[in-house]
>>> print(open('work-v4.cif').read())   # mmCIF, C-alpha atoms (C1' of nucleotides)
data_model
loop_
_atom_site.label_atom_id
_atom_site.label_comp_id
_atom_site.auth_asym_id
_atom_site.auth_seq_id
_atom_site.Cartn_x
_atom_site.Cartn_y
_atom_site.Cartn_z
CA MET V 29 23.93 -5.00 11.23
CA ASP V 30 24.31 -8.06 9.00
CA SER V 31 21.93 -9.25 6.38
CA THR V 32 20.12 -11.85 8.48
CA GLU V 33 19.39 -9.36 11.23
CA ALA V 34 18.16 -6.92 8.60
CA THR V 35 15.67 -9.44 7.23
CA GLY V 36 14.52 -10.16 10.75
CA ARG V 37 13.89 -6.52 11.50
CA LEU V 38 12.20 -6.06 8.15
CA LEU V 39 9.84 -8.96 8.69
CA GLU V 40 9.05 -7.74 12.17
CA ALA V 41 8.25 -4.25 10.91
CA ALA V 42 6.37 -5.57 7.91
CA GLU V 43 4.17 -7.78 10.05
CA ASP V 44 3.30 -4.99 12.47
CA LEU V 45 2.51 -2.50 9.75
CA PHE V 46 0.90 -4.74 7.15
CA TYR V 47 -1.38 -6.38 9.65
CA ALA V 48 -2.37 -3.15 11.36
CA HIS V 49 -3.03 -0.99 8.32
CA GLY V 50 -3.27 -3.36 5.38
CA VAL V 51 -0.57 -4.12 2.85
CA GLN V 52 -1.52 -1.53 0.27
CA ALA V 53 -1.75 1.27 2.80
CA VAL V 54 1.84 0.75 3.96
CA GLY V 55 4.65 2.09 1.79
CA MET V 56 8.14 0.70 1.61
CA ASP V 57 9.30 3.90 3.26
CA ALA V 58 7.22 3.14 6.32
CA VAL V 59 8.80 -0.31 6.53
CA ARG V 60 12.22 1.28 6.25
CA GLU V 61 11.50 3.79 8.98
CA ARG V 62 10.01 1.25 11.37
CA SER V 63 12.73 -1.33 10.82
CA GLY V 64 15.68 1.06 10.79
CA VAL V 65 16.98 -0.73 7.72
CA SER V 66 18.06 1.38 4.76
CA LEU V 67 16.11 1.22 1.52
CA LYS V 68 19.13 -0.13 -0.29
CA ARG V 69 19.41 -3.10 2.00
CA LEU V 70 15.68 -3.57 2.04
CA TYR V 71 15.78 -4.11 -1.70
CA GLN V 72 18.77 -6.40 -1.33
CA CYS V 73 16.82 -8.63 1.03
CA PHE V 74 13.50 -8.36 -0.82
CA PRO V 75 13.86 -7.31 -4.47
CA ALA V 76 10.23 -6.18 -4.67
CA LYS V 77 7.40 -5.44 -2.32
CA ASN V 78 5.62 -8.60 -3.38
CA ASP V 79 8.51 -10.63 -2.05
CA LEU V 80 8.25 -8.93 1.30
CA VAL V 81 4.51 -9.48 1.40
CA GLU V 82 4.92 -13.14 0.59
CA ALA V 83 7.56 -13.59 3.29
CA TYR V 84 5.34 -11.74 5.75
CA LEU V 85 2.46 -14.11 5.07
CA LEU V 86 4.59 -17.24 5.28
CA ARG V 87 6.08 -16.13 8.56
CA ARG V 88 2.77 -15.13 10.03
CA ASP V 89 1.32 -18.49 9.08
CA GLU V 90 4.07 -20.33 10.95
CA ARG V 91 3.78 -18.22 14.06
CA TRP V 92 0.00 -18.15 14.12
CA ARG V 93 -0.31 -21.91 13.81
CA GLY V 94 2.53 -22.42 16.27
CA SER V 95 0.76 -20.33 18.87
CA LEU V 96 -2.53 -22.16 18.33
CA ARG V 97 -0.92 -25.59 18.39
CA GLU V 98 0.96 -24.87 21.58
CA PHE V 99 -2.10 -23.53 23.37
CA VAL V 100 -4.31 -26.41 22.35
CA HIS V 101 -1.67 -29.02 23.07
CA ALA V 102 -1.27 -27.67 26.61
CA ARG V 103 -4.99 -28.42 27.05
CA GLY V 104 -4.75 -32.02 26.06
CA ASP V 105 -5.48 -31.34 22.39
CA ASP V 106 -9.10 -30.67 23.21
CA PRO V 107 -10.71 -29.34 20.02
CA LEU V 108 -12.76 -26.90 22.04
CA ALA V 109 -9.55 -25.25 23.22
CA VAL V 110 -9.25 -23.91 19.69
CA PHE V 111 -12.15 -21.61 20.43
CA ALA V 112 -10.71 -20.48 23.73
CA TRP V 113 -7.57 -19.52 21.87
CA LEU V 114 -9.65 -17.70 19.30
CA LYS V 115 -11.38 -15.69 21.99
CA ASN V 116 -8.05 -14.57 23.43
CA TRP V 117 -6.91 -13.59 19.97
CA PHE V 118 -10.09 -11.67 19.20
CA ALA V 119 -9.71 -9.73 22.44
CA GLU V 120 -6.11 -8.68 21.78
CA PRO V 121 -5.67 -4.98 21.19
CA GLY V 122 -5.00 -4.43 17.52
CA PHE V 123 -6.91 -7.53 16.41
CA ARG V 124 -7.99 -6.93 12.84
CA GLY V 125 -9.15 -10.32 11.63
CA CYS V 126 -7.28 -12.95 9.67
CA ALA V 127 -4.29 -11.54 7.81
CA PHE V 128 -4.82 -14.00 4.99
CA ILE V 129 -8.48 -13.25 4.47
CA ASN V 130 -7.66 -9.56 4.57
CA SER V 131 -4.92 -10.00 2.00
CA PHE V 132 -7.25 -12.01 -0.18
CA GLY V 133 -9.63 -9.06 -0.13
CA GLU V 134 -6.88 -6.57 -0.83
CA PHE V 135 -5.57 -8.21 -3.95
CA GLY V 136 -8.18 -8.83 -6.60
CA GLU V 137 -5.68 -10.74 -8.70
CA PRO V 138 -2.85 -11.52 -6.30
CA ALA V 139 0.67 -12.31 -7.44
CA PRO V 140 1.08 -16.09 -7.66
CA GLY V 141 3.29 -16.30 -4.59
CA ILE V 142 0.81 -14.36 -2.50
CA ALA V 143 -2.15 -16.41 -3.63
CA ALA V 144 -0.20 -19.57 -2.83
CA ALA V 145 0.67 -18.31 0.65
CA ILE V 146 -2.97 -17.59 1.38
CA ARG V 147 -4.12 -21.00 0.21
CA LYS V 148 -1.29 -22.70 2.02
CA HIS V 149 -2.33 -21.15 5.31
CA LYS V 150 -5.90 -22.33 4.98
CA ASP V 151 -4.79 -25.80 3.86
CA GLU V 152 -2.50 -26.13 6.85
CA VAL V 153 -5.12 -25.03 9.33
CA ARG V 154 -7.61 -27.45 7.85
CA ALA V 155 -5.06 -30.27 8.06
CA TYR V 156 -4.32 -29.36 11.66
CA LEU V 157 -8.00 -29.55 12.60
CA ARG V 158 -8.39 -32.84 10.80
CA GLY V 159 -5.61 -34.21 12.96
CA LEU V 160 -7.28 -32.90 16.08
CA VAL V 161 -10.81 -34.11 15.49
CA PRO V 162 -11.93 -37.68 14.81
CA GLY V 163 -13.89 -37.49 11.60
CA GLN V 164 -12.84 -35.37 8.65
CA ASP V 165 -16.32 -33.99 8.05
CA THR V 166 -16.60 -32.71 11.60
CA ALA V 167 -13.15 -31.15 11.35
CA ASP V 168 -14.15 -29.30 8.21
CA GLN V 169 -17.30 -28.08 9.93
CA LEU V 170 -15.27 -26.72 12.82
CA PHE V 171 -12.99 -25.08 10.29
CA ALA V 172 -15.92 -23.18 8.82
CA LEU V 173 -16.91 -22.08 12.31
CA VAL V 174 -13.37 -20.85 13.00
CA GLU V 175 -13.29 -18.80 9.83
CA GLY V 176 -16.76 -17.42 10.34
CA ALA V 177 -16.10 -16.43 13.92
CA THR V 178 -12.87 -14.71 12.91
CA VAL V 179 -14.50 -12.69 10.18
CA LEU V 180 -17.42 -11.66 12.35
CA ALA V 181 -15.25 -10.77 15.32
CA ALA V 182 -13.16 -8.56 13.06
CA ILE V 183 -16.12 -6.73 11.56
CA THR V 184 -18.23 -6.39 14.68
CA GLY V 185 -15.36 -6.06 17.15
CA ASN V 186 -17.07 -8.56 19.43
CA PRO V 187 -14.80 -11.32 20.79
CA GLY V 188 -17.91 -13.17 21.91
CA GLU V 189 -18.24 -14.59 18.40
CA ALA V 190 -15.75 -17.18 19.62
CA ASP V 191 -18.25 -18.37 22.25
CA THR V 192 -21.00 -18.72 19.68
CA ALA V 193 -18.74 -20.85 17.52
CA ARG V 194 -17.62 -22.83 20.54
CA GLU V 195 -21.16 -23.76 21.44
CA ALA V 196 -21.79 -24.90 17.89
CA ALA V 197 -18.59 -26.92 17.92
CA LYS V 198 -19.60 -28.62 21.15
CA VAL V 199 -22.85 -29.76 19.59
CA LEU V 200 -21.15 -30.97 16.44
CA LEU V 201 -18.52 -32.92 18.37
CA ALA V 202 -21.15 -34.51 20.59
CA ALA V 203 -23.23 -35.50 17.58
CA GLN V 204 -20.19 -37.08 15.94
CA GLY V 205 -19.30 -39.01 19.08
CA MET Z 2 -29.09 10.55 -20.75
CA ASP Z 3 -30.46 12.11 -17.59
CA SER Z 4 -28.95 12.09 -14.18
CA THR Z 5 -30.86 9.15 -12.75
CA GLU Z 6 -29.97 6.91 -15.66
CA ALA Z 7 -26.35 7.99 -15.26
CA THR Z 8 -26.28 6.94 -11.61
CA GLY Z 9 -27.86 3.65 -12.57
CA ARG Z 10 -25.23 2.94 -15.18
CA LEU Z 11 -22.49 4.05 -12.82
CA LEU Z 12 -23.65 1.74 -10.05
CA GLU Z 13 -23.95 -1.12 -12.49
CA ALA Z 14 -20.43 -0.59 -13.79
CA ALA Z 15 -19.05 0.00 -10.30
CA GLU Z 16 -20.53 -3.23 -8.98
CA ASP Z 17 -19.17 -5.30 -11.85
CA LEU Z 18 -15.71 -3.82 -11.65
CA PHE Z 19 -15.32 -3.37 -7.90
CA TYR Z 20 -16.50 -6.87 -7.14
CA ALA Z 21 -14.45 -8.52 -9.85
CA HIS Z 22 -11.13 -6.74 -9.32
CA GLY Z 23 -11.36 -5.08 -5.92
CA VAL Z 24 -12.14 -1.46 -5.23
CA GLN Z 25 -8.59 -0.19 -5.09
CA ALA Z 26 -7.60 -1.87 -8.33
CA VAL Z 27 -10.34 -0.09 -10.30
CA GLY Z 28 -9.80 3.52 -11.29
CA MET Z 29 -12.50 6.08 -11.87
CA ASP Z 30 -11.53 6.02 -15.53
CA ALA Z 31 -12.43 2.36 -15.76
CA VAL Z 32 -15.84 3.10 -14.26
CA ARG Z 33 -16.31 5.89 -16.77
CA GLU Z 34 -15.35 3.67 -19.68
CA ARG Z 35 -17.54 0.77 -18.60
CA SER Z 36 -20.56 2.93 -17.81
CA GLY Z 37 -20.31 5.25 -20.80
CA VAL Z 38 -20.87 8.19 -18.45
CA SER Z 39 -18.52 11.13 -18.72
CA LEU Z 40 -16.14 11.95 -15.89
CA LYS Z 41 -17.83 15.27 -15.35
CA ARG Z 42 -21.18 13.68 -14.74
CA LEU Z 43 -19.63 10.92 -12.71
CA TYR Z 44 -18.35 13.52 -10.27
CA GLN Z 45 -21.73 15.27 -10.30
CA CYS Z 46 -23.42 12.06 -9.20
CA PHE Z 47 -20.69 10.96 -6.80
CA PRO Z 48 -18.43 13.80 -5.63
CA ALA Z 49 -15.68 11.40 -4.60
CA LYS Z 50 -14.77 7.77 -5.11
CA ASN Z 51 -15.67 6.98 -1.52
CA ASP Z 52 -19.24 8.01 -2.23
CA LEU Z 53 -19.42 5.65 -5.16
CA VAL Z 54 -17.94 2.83 -3.10
CA GLU Z 55 -20.44 3.40 -0.34
CA ALA Z 56 -23.35 3.43 -2.77
CA TYR Z 57 -22.01 0.27 -4.40
CA LEU Z 58 -21.95 -1.52 -1.06
CA LEU Z 59 -25.40 -0.36 -0.02
CA ARG Z 60 -26.88 -1.43 -3.31
CA ARG Z 61 -25.13 -4.78 -3.30
CA ASP Z 62 -26.40 -5.42 0.21
CA GLU Z 63 -29.99 -4.85 -0.86
CA ARG Z 64 -29.74 -7.04 -3.93
CA TRP Z 65 -27.80 -9.81 -2.25
CA ARG Z 66 -30.23 -10.10 0.62
CA GLY Z 67 -33.17 -9.78 -1.71
CA SER Z 68 -31.96 -12.69 -3.79
CA LEU Z 69 -31.35 -14.84 -0.73
CA ARG Z 70 -34.69 -13.97 0.84
CA GLU Z 71 -36.60 -14.73 -2.31
CA PHE Z 72 -34.87 -18.07 -2.84
CA VAL Z 73 -35.36 -19.20 0.74
CA HIS Z 74 -38.94 -17.98 0.90
CA ALA Z 75 -39.80 -20.01 -2.20
CA ARG Z 76 -38.63 -23.06 -0.24
CA GLY Z 77 -40.92 -22.50 2.71
CA ASP Z 78 -38.37 -20.46 4.64
CA ASP Z 79 -36.42 -23.58 5.40
CA PRO Z 80 -33.15 -22.45 7.03
CA LEU Z 81 -31.27 -25.15 5.16
CA ALA Z 82 -32.25 -23.51 1.89
CA VAL Z 83 -29.81 -20.78 2.81
CA PHE Z 84 -26.99 -23.19 2.16
CA ALA Z 85 -28.46 -24.34 -1.14
CA TRP Z 86 -28.52 -20.71 -2.19
CA LEU Z 87 -24.93 -20.32 -1.03
CA LYS Z 88 -23.83 -23.26 -3.13
CA ASN Z 89 -25.38 -21.75 -6.24
CA TRP Z 90 -23.66 -18.48 -5.48
CA PHE Z 91 -20.28 -20.11 -4.90
CA ALA Z 92 -20.57 -21.90 -8.23
CA GLU Z 93 -21.33 -18.76 -10.23
CA PRO Z 94 -18.61 -17.77 -12.64
CA GLY Z 95 -16.86 -14.74 -11.25
CA PHE Z 96 -17.63 -15.60 -7.62
CA ARG Z 97 -15.00 -13.88 -5.51
CA GLY Z 98 -16.29 -14.15 -1.98
CA CYS Z 99 -18.26 -11.65 0.06
CA ALA Z 100 -17.91 -8.11 -1.24
CA PHE Z 101 -18.13 -6.75 2.28
CA ILE Z 102 -15.47 -8.99 3.75
CA ASN Z 103 -13.25 -8.19 0.80
CA SER Z 104 -13.78 -4.48 1.28
CA PHE Z 105 -13.06 -4.83 4.96
CA GLY Z 106 -9.73 -6.36 4.02
CA GLU Z 107 -9.00 -3.70 1.45
CA PHE Z 108 -9.40 -0.73 3.71
CA GLY Z 109 -7.31 -0.88 6.84
CA GLU Z 110 -9.00 2.23 8.19
CA PRO Z 111 -12.11 2.60 6.04
CA ALA Z 112 -13.95 5.87 5.62
CA PRO Z 113 -16.82 6.04 8.12
CA GLY Z 114 -19.52 5.53 5.51
CA ILE Z 115 -17.81 2.44 4.14
CA ALA Z 116 -17.25 0.91 7.56
CA ALA Z 117 -20.91 1.55 8.36
CA ALA Z 118 -22.05 -0.11 5.14
CA ILE Z 119 -20.00 -3.20 5.92
CA ARG Z 120 -21.33 -3.50 9.46
CA LYS Z 121 -24.86 -2.81 8.28
CA HIS Z 122 -24.72 -5.69 5.84
CA LYS Z 123 -23.59 -8.16 8.49
CA ASP Z 124 -26.15 -6.85 10.97
CA GLU Z 125 -28.96 -7.24 8.45
CA VAL Z 126 -27.96 -10.77 7.51
CA ARG Z 127 -27.76 -11.74 11.15
CA ALA Z 128 -31.19 -10.26 11.78
CA TYR Z 129 -32.58 -12.13 8.80
CA LEU Z 130 -31.27 -15.45 10.09
CA ARG Z 131 -32.64 -14.74 13.55
CA GLY Z 132 -36.03 -14.31 11.99
CA LEU Z 133 -35.66 -17.56 10.10
CA VAL Z 134 -34.47 -19.81 12.89
CA PRO Z 135 -36.14 -20.43 16.21
CA GLY Z 136 -33.54 -19.63 18.81
CA GLN Z 137 -31.19 -16.70 18.54
CA ASP Z 138 -28.13 -18.70 19.54
CA THR Z 139 -28.70 -21.23 16.79
CA ALA Z 140 -29.23 -18.45 14.28
CA ASP Z 141 -25.92 -16.89 15.24
CA GLN Z 142 -24.21 -20.24 14.89
CA LEU Z 143 -25.61 -20.65 11.39
CA PHE Z 144 -24.42 -17.14 10.63
CA ALA Z 145 -20.87 -18.12 11.54
CA LEU Z 146 -21.18 -21.14 9.26
CA VAL Z 147 -22.41 -18.96 6.41
CA GLU Z 148 -19.51 -16.57 6.75
CA GLY Z 149 -16.95 -19.33 7.12
CA ALA Z 150 -18.23 -21.23 4.11
CA THR Z 151 -18.16 -18.06 2.01
CA VAL Z 152 -14.60 -17.24 2.94
CA LEU Z 153 -13.37 -20.76 2.34
CA ALA Z 154 -15.21 -21.14 -0.94
CA ALA Z 155 -13.63 -17.91 -2.14
CA ILE Z 156 -10.10 -18.89 -1.18
CA THR Z 157 -10.22 -22.53 -2.21
CA GLY Z 158 -12.58 -22.11 -5.15
CA ASN Z 159 -14.57 -25.10 -3.94
CA PRO Z 160 -18.37 -24.60 -3.87
CA GLY Z 161 -18.63 -27.77 -1.79
CA GLU Z 162 -17.86 -25.71 1.31
CA ALA Z 163 -21.58 -24.94 1.24
CA ASP Z 164 -22.38 -28.64 1.72
CA THR Z 165 -20.05 -28.91 4.68
CA ALA Z 166 -21.73 -25.94 6.31
CA ARG Z 167 -25.15 -27.34 5.46
CA GLU Z 168 -24.44 -30.64 7.22
CA ALA Z 169 -23.30 -28.74 10.29
CA ALA Z 170 -26.42 -26.59 10.19
CA LYS Z 171 -28.61 -29.64 9.98
CA VAL Z 172 -27.06 -31.04 13.15
CA LEU Z 173 -27.34 -27.72 14.97
CA LEU Z 174 -30.99 -27.29 13.99
CA ALA Z 175 -31.82 -30.82 15.04
CA ALA Z 176 -30.11 -30.35 18.38
CA GLN Z 177 -32.04 -27.14 18.97
CA GLY Z 178 -35.34 -28.75 18.13
"C1'" DC E 23 -30.28 33.89 -36.24
"C1'" DA E 24 -27.75 35.19 -31.85
"C1'" DA E 25 -26.27 34.07 -27.33
"C1'" DG E 26 -25.52 31.51 -23.75
"C1'" DA E 27 -26.06 27.32 -20.84
"C1'" DC E 28 -25.03 22.43 -20.91
"C1'" DG E 29 -22.49 18.25 -21.61
"C1'" DG E 30 -18.74 15.36 -23.46
"C1'" DA E 31 -13.87 14.25 -24.40
"C1'" DG E 32 -9.83 14.29 -22.73
"C1'" DA E 33 -5.79 17.07 -21.17
"C1'" DA E 34 -3.75 18.64 -16.99
"C1'" DC E 35 -2.54 18.82 -12.08
"C1'" DG E 36 -1.09 17.09 -7.65
"C1'" DT E 37 0.13 13.42 -4.98
"C1'" DG E 38 1.68 9.02 -3.43
"C1'" DC E 39 4.51 5.32 -3.99
"C1'" DG E 40 7.60 1.47 -5.87
"C1'" DT E 41 12.02 1.45 -7.38
"C1'" DT E 42 16.59 3.23 -8.67
"C1'" DC E 43 20.36 6.48 -8.50
"C1'" DT E 44 23.74 9.77 -6.46
"C1'" DC E 45 26.64 11.23 -3.19
"C1'" DC E 46 29.35 10.84 0.70
"C1'" DG E 47 31.39 8.89 4.84
"C1'" DT E 48 33.64 4.68 6.78
"C1'" DC E 49 36.23 0.74 7.18
"C1'" DA E 50 39.55 -3.05 5.60
"C1'" DC E 51 43.61 -3.94 3.55
"C1'" DT E 52 48.50 -2.86 1.62
"C1'" DA U 17 48.41 7.24 4.36
"C1'" DG U 18 46.05 5.63 0.05
"C1'" DT U 19 42.54 3.09 -2.25
"C1'" DG U 20 38.69 0.80 -3.14
"C1'" DA U 21 34.52 -1.71 -1.77
"C1'" DC U 22 30.52 -1.17 1.13
"C1'" DG U 23 26.54 0.93 3.32
"C1'" DG U 24 23.43 4.72 4.60
"C1'" DA U 25 20.57 8.85 3.66
"C1'" DG U 26 17.76 10.66 0.83
"C1'" DA U 27 16.92 12.72 -3.82
"C1'" DA U 28 15.10 11.46 -8.20
"C1'" DC U 29 12.31 8.98 -11.62
"C1'" DG U 30 8.26 6.95 -13.63
"C1'" DC U 31 3.84 5.79 -13.25
"C1'" DA U 32 -0.89 5.42 -11.68
"C1'" DC U 33 -4.79 7.57 -10.22
"C1'" DG U 34 -8.24 10.88 -7.94
"C1'" DT U 35 -9.78 15.16 -9.12
"C1'" DT U 36 -10.21 19.47 -11.77
"C1'" DC U 37 -9.93 22.30 -15.84
"C1'" DT U 38 -10.17 23.56 -20.82
"C1'" DC U 39 -12.04 23.48 -25.05
"C1'" DC U 40 -15.50 22.73 -28.26
"C1'" DG U 41 -19.85 21.28 -30.23
"C1'" DT U 42 -24.91 21.29 -29.45
"C1'" DC U 43 -29.21 22.57 -28.14
"C1'" DT U 44 -32.49 25.76 -26.08
"C1'" DT U 45 -34.56 30.26 -25.90
"C1'" DG U 46 -35.70 35.03 -27.27
#
>>> encode(input="work-v4.cif", output="structure tokens")
Amino acid sequence: MDSTEATGRLLEAAEDLFYAHGVQAVGMDAVRERSGVSLKRLYQCFPAKNDLVEAYLLRRDERWRGSLREFVHARGDDPLAVFAWLKNWFAEPGFRGCAFINSFGEFGEPAPGIAAAIRKHKDEVRAYLRGLVPGQDTADQLFALVEGATVLAAITGNPGEADTAREAAKVLLAAQG
Amino acid sequence: MDSTEATGRLLEAAEDLFYAHGVQAVGMDAVRERSGVSLKRLYQCFPAKNDLVEAYLLRRDERWRGSLREFVHARGDDPLAVFAWLKNWFAEPGFRGCAFINSFGEFGEPAPGIAAAIRKHKDEVRAYLRGLVPGQDTADQLFALVEGATVLAAITGNPGEADTAREAAKVLLAAQG
DNA sequence: CAAGACGGAGAACGTGCGTTCTCCGTCACT
DNA sequence: AGTGACGGAGAACGCACGTTCTCCGTCTTG
């Protein structure tokens, strides 16, 4: 197994474990066991846990936004499709809310790289919505609905929060024209 | 110092420290130091850290909702006053987002009492908004806006997220009638 | 004053975990 | 075959922290 495959396996294991149980609750030994990569190589690829966490967040950001973008684009870039995608996500087994919001809660004073990854994710999502919706104010309003629905779906376990947000988004888009 | 004053001091210290730095980042020794209560008595009042965390959340829920209710009531129970209150909160020094969302992120599998306290808070806030707004669907939509604005204000540090949510709420309330 | 319950300060214990070290087998190269 | 670099398995180390224990002074009560 070469070094690039090792990092791939490590990121895969890290994402599964960190998202499912929280970053702090998962030890480096659990990542090693799940990935099948030895501790020595783990620390060659990621000199400290913080580095692995940062890479996990950056990768999850890319994949999460990629999945959303693809889904919405296949529906003619209809802003309301965002909420259909959300509902699917909320209903997935193992859904535990937004990894970035959860990480923000976990780390009172996050390492700079981790804080930057969290902010970057939110900035990118906001920029994506602004590109999707005519009118920056409306886009930002939809963004708040997306975040609120995600948080509430995670805490209550009810994927229907996506429908509530969708109805609100429909009204806001109609009002904007 | 009797036992009831000790629990008061402990809860005060716990709230300050847990909210500011996160629950996991604060040791029982820090609570002892801040409160001036000895470890022995601390463990008499709260047999385990989980008990203190649960009490912290329950107390914060009461105070947070009390402050919101009072502010909004003084403004004729105008639903939009909720967002004015939010903006004040977001602008407070030391604002770090919603304690309950943060705790949800901190504990991948929270102790039952903690999970219940988190859900209770969100249920109570939702019920409060439903009492404030004619139309349950609209109330739930405002709730999503409140949660989204809180999360975004915490991550971006921008209290203006409250204004964005307020504009959206105004449109939704007008559409509802 | 004597005796014992109470409370505080802080040491001590056990555990978990991030990180590093040790040891040993394996493979490439001469 | 001999040798030396490499990699894996897992022990070891250091530290932080939740929880408990020890010791000692104080205050109440007869």
>>> interface_residues(input="work-v4.cif", of="chain Z", to="chain V", cutoff="8 Å", atoms="all atoms listed in the file", output="number ranges by chain")
Z: 21-23, 25-26, 102-110, 119-120, 138-139, 141-142, 144-150, 152-153, 156-157, 165-166, 169, 172-173, 176
>>> interface_residues(input="work-v4.cif", of="chain U", to="chain Z", cutoff="10 Å", atoms="all atoms listed in the file", output="PDB file with C-alpha atoms (C1' of nucleotides), keeping the file's coordinate frame")
ATOM      1  C1'  DA U  32      -0.890   5.420 -11.680  1.00  0.00           C
ATOM      2  C1'  DC U  33      -4.790   7.570 -10.220  1.00  0.00           C
ATOM      3  C1'  DG U  34      -8.240  10.880  -7.940  1.00  0.00           C
ATOM      4  C1'  DT U  35      -9.780  15.160  -9.120  1.00  0.00           C
ATOM      5  C1'  DT U  36     -10.210  19.470 -11.770  1.00  0.00           C
TER       6       DT U  36
END
>>> axis_aligned_box(input="work-v4.cif", around="range 78-82 of chain V", padding_each_side="5 Å", output="AutoDock Vina command-line options")
--center_x 6.5 --center_y -10.9 --center_z -1.0 --size_x 14.0 --size_y 14.5 --size_z 14.8
>>> interface_residues(input="work-v4.cif", of="chain Z", to="chain E", cutoff="12 Å", atoms="all atoms listed in the file", output="ChimeraX atom specification")
/Z:2-4,30,33-34,37-43,45
>>> resolve_selection(input="work-v4.cif", expression="the PyMOL selection byres ((chain V and resi 90-96) around 12)", output="PyMOL selection string")
chain V and resi 40+43+83-89+97-103+105-117+126-128+145+148-157+160
>>> write_last_selection(input="work-v4.cif", atoms="C-alpha atoms", output="PDB file, keeping the file's coordinate frame")
ATOM      1  CA  GLU V  40       9.050  -7.740  12.170  1.00  0.00           C
ATOM      2  CA  GLU V  43       4.170  -7.780  10.050  1.00  0.00           C
ATOM      3  CA  ALA V  83       7.560 -13.590   3.290  1.00  0.00           C
ATOM      4  CA  TYR V  84       5.340 -11.740   5.750  1.00  0.00           C
ATOM      5  CA  LEU V  85       2.460 -14.110   5.070  1.00  0.00           C
ATOM      6  CA  LEU V  86       4.590 -17.240   5.280  1.00  0.00           C
ATOM      7  CA  ARG V  87       6.080 -16.130   8.560  1.00  0.00           C
ATOM      8  CA  ARG V  88       2.770 -15.130  10.030  1.00  0.00           C
ATOM      9  CA  ASP V  89       1.320 -18.490   9.080  1.00  0.00           C
ATOM     10  CA  ARG V  97      -0.920 -25.590  18.390  1.00  0.00           C
ATOM     11  CA  GLU V  98       0.960 -24.870  21.580  1.00  0.00           C
ATOM     12  CA  PHE V  99      -2.100 -23.530  23.370  1.00  0.00           C
ATOM     13  CA  VAL V 100      -4.310 -26.410  22.350  1.00  0.00           C
ATOM     14  CA  HIS V 101      -1.670 -29.020  23.070  1.00  0.00           C
ATOM     15  CA  ALA V 102      -1.270 -27.670  26.610  1.00  0.00           C
ATOM     16  CA  ARG V 103      -4.990 -28.420  27.050  1.00  0.00           C
ATOM     17  CA  ASP V 105      -5.480 -31.340  22.390  1.00  0.00           C
ATOM     18  CA  ASP V 106      -9.100 -30.670  23.210  1.00  0.00           C
ATOM     19  CA  PRO V 107     -10.710 -29.340  20.020  1.00  0.00           C
ATOM     20  CA  LEU V 108     -12.760 -26.900  22.040  1.00  0.00           C
ATOM     21  CA  ALA V 109      -9.550 -25.250  23.220  1.00  0.00           C
ATOM     22  CA  VAL V 110      -9.250 -23.910  19.690  1.00  0.00           C
ATOM     23  CA  PHE V 111     -12.150 -21.610  20.430  1.00  0.00           C
ATOM     24  CA  ALA V 112     -10.710 -20.480  23.730  1.00  0.00           C
ATOM     25  CA  TRP V 113      -7.570 -19.520  21.870  1.00  0.00           C
ATOM     26  CA  LEU V 114      -9.650 -17.700  19.300  1.00  0.00           C
ATOM     27  CA  LYS V 115     -11.380 -15.690  21.990  1.00  0.00           C
ATOM     28  CA  ASN V 116      -8.050 -14.570  23.430  1.00  0.00           C
ATOM     29  CA  TRP V 117      -6.910 -13.590  19.970  1.00  0.00           C
ATOM     30  CA  CYS V 126      -7.280 -12.950   9.670  1.00  0.00           C
ATOM     31  CA  ALA V 127      -4.290 -11.540   7.810  1.00  0.00           C
ATOM     32  CA  PHE V 128      -4.820 -14.000   4.990  1.00  0.00           C
ATOM     33  CA  ALA V 145       0.670 -18.310   0.650  1.00  0.00           C
ATOM     34  CA  LYS V 148      -1.290 -22.700   2.020  1.00  0.00           C
ATOM     35  CA  HIS V 149      -2.330 -21.150   5.310  1.00  0.00           C
ATOM     36  CA  LYS V 150      -5.900 -22.330   4.980  1.00  0.00           C
ATOM     37  CA  ASP V 151      -4.790 -25.800   3.860  1.00  0.00           C
ATOM     38  CA  GLU V 152      -2.500 -26.130   6.850  1.00  0.00           C
ATOM     39  CA  VAL V 153      -5.120 -25.030   9.330  1.00  0.00           C
ATOM     40  CA  ARG V 154      -7.610 -27.450   7.850  1.00  0.00           C
ATOM     41  CA  ALA V 155      -5.060 -30.270   8.060  1.00  0.00           C
ATOM     42  CA  TYR V 156      -4.320 -29.360  11.660  1.00  0.00           C
ATOM     43  CA  LEU V 157      -8.000 -29.550  12.600  1.00  0.00           C
ATOM     44  CA  LEU V 160      -7.280 -32.900  16.080  1.00  0.00           C
TER      45      LEU V 160
END
>>> atom_distance(input="work-v4.cif", atom1="CA of Pro121 in chain V", atom2="CA of Gly141 in chain V")
29.5 Å
>>> atom_distance(input="work-v4.cif", atom1="CA of Glu33 in chain V", atom2="CA of Glu120 in chain V")
27.6 Å
>>> atom_distance(input="work-v4.cif", atom1="C1' of DG23 in chain U", atom2="CA of Val81 in chain V")
24.4 Å
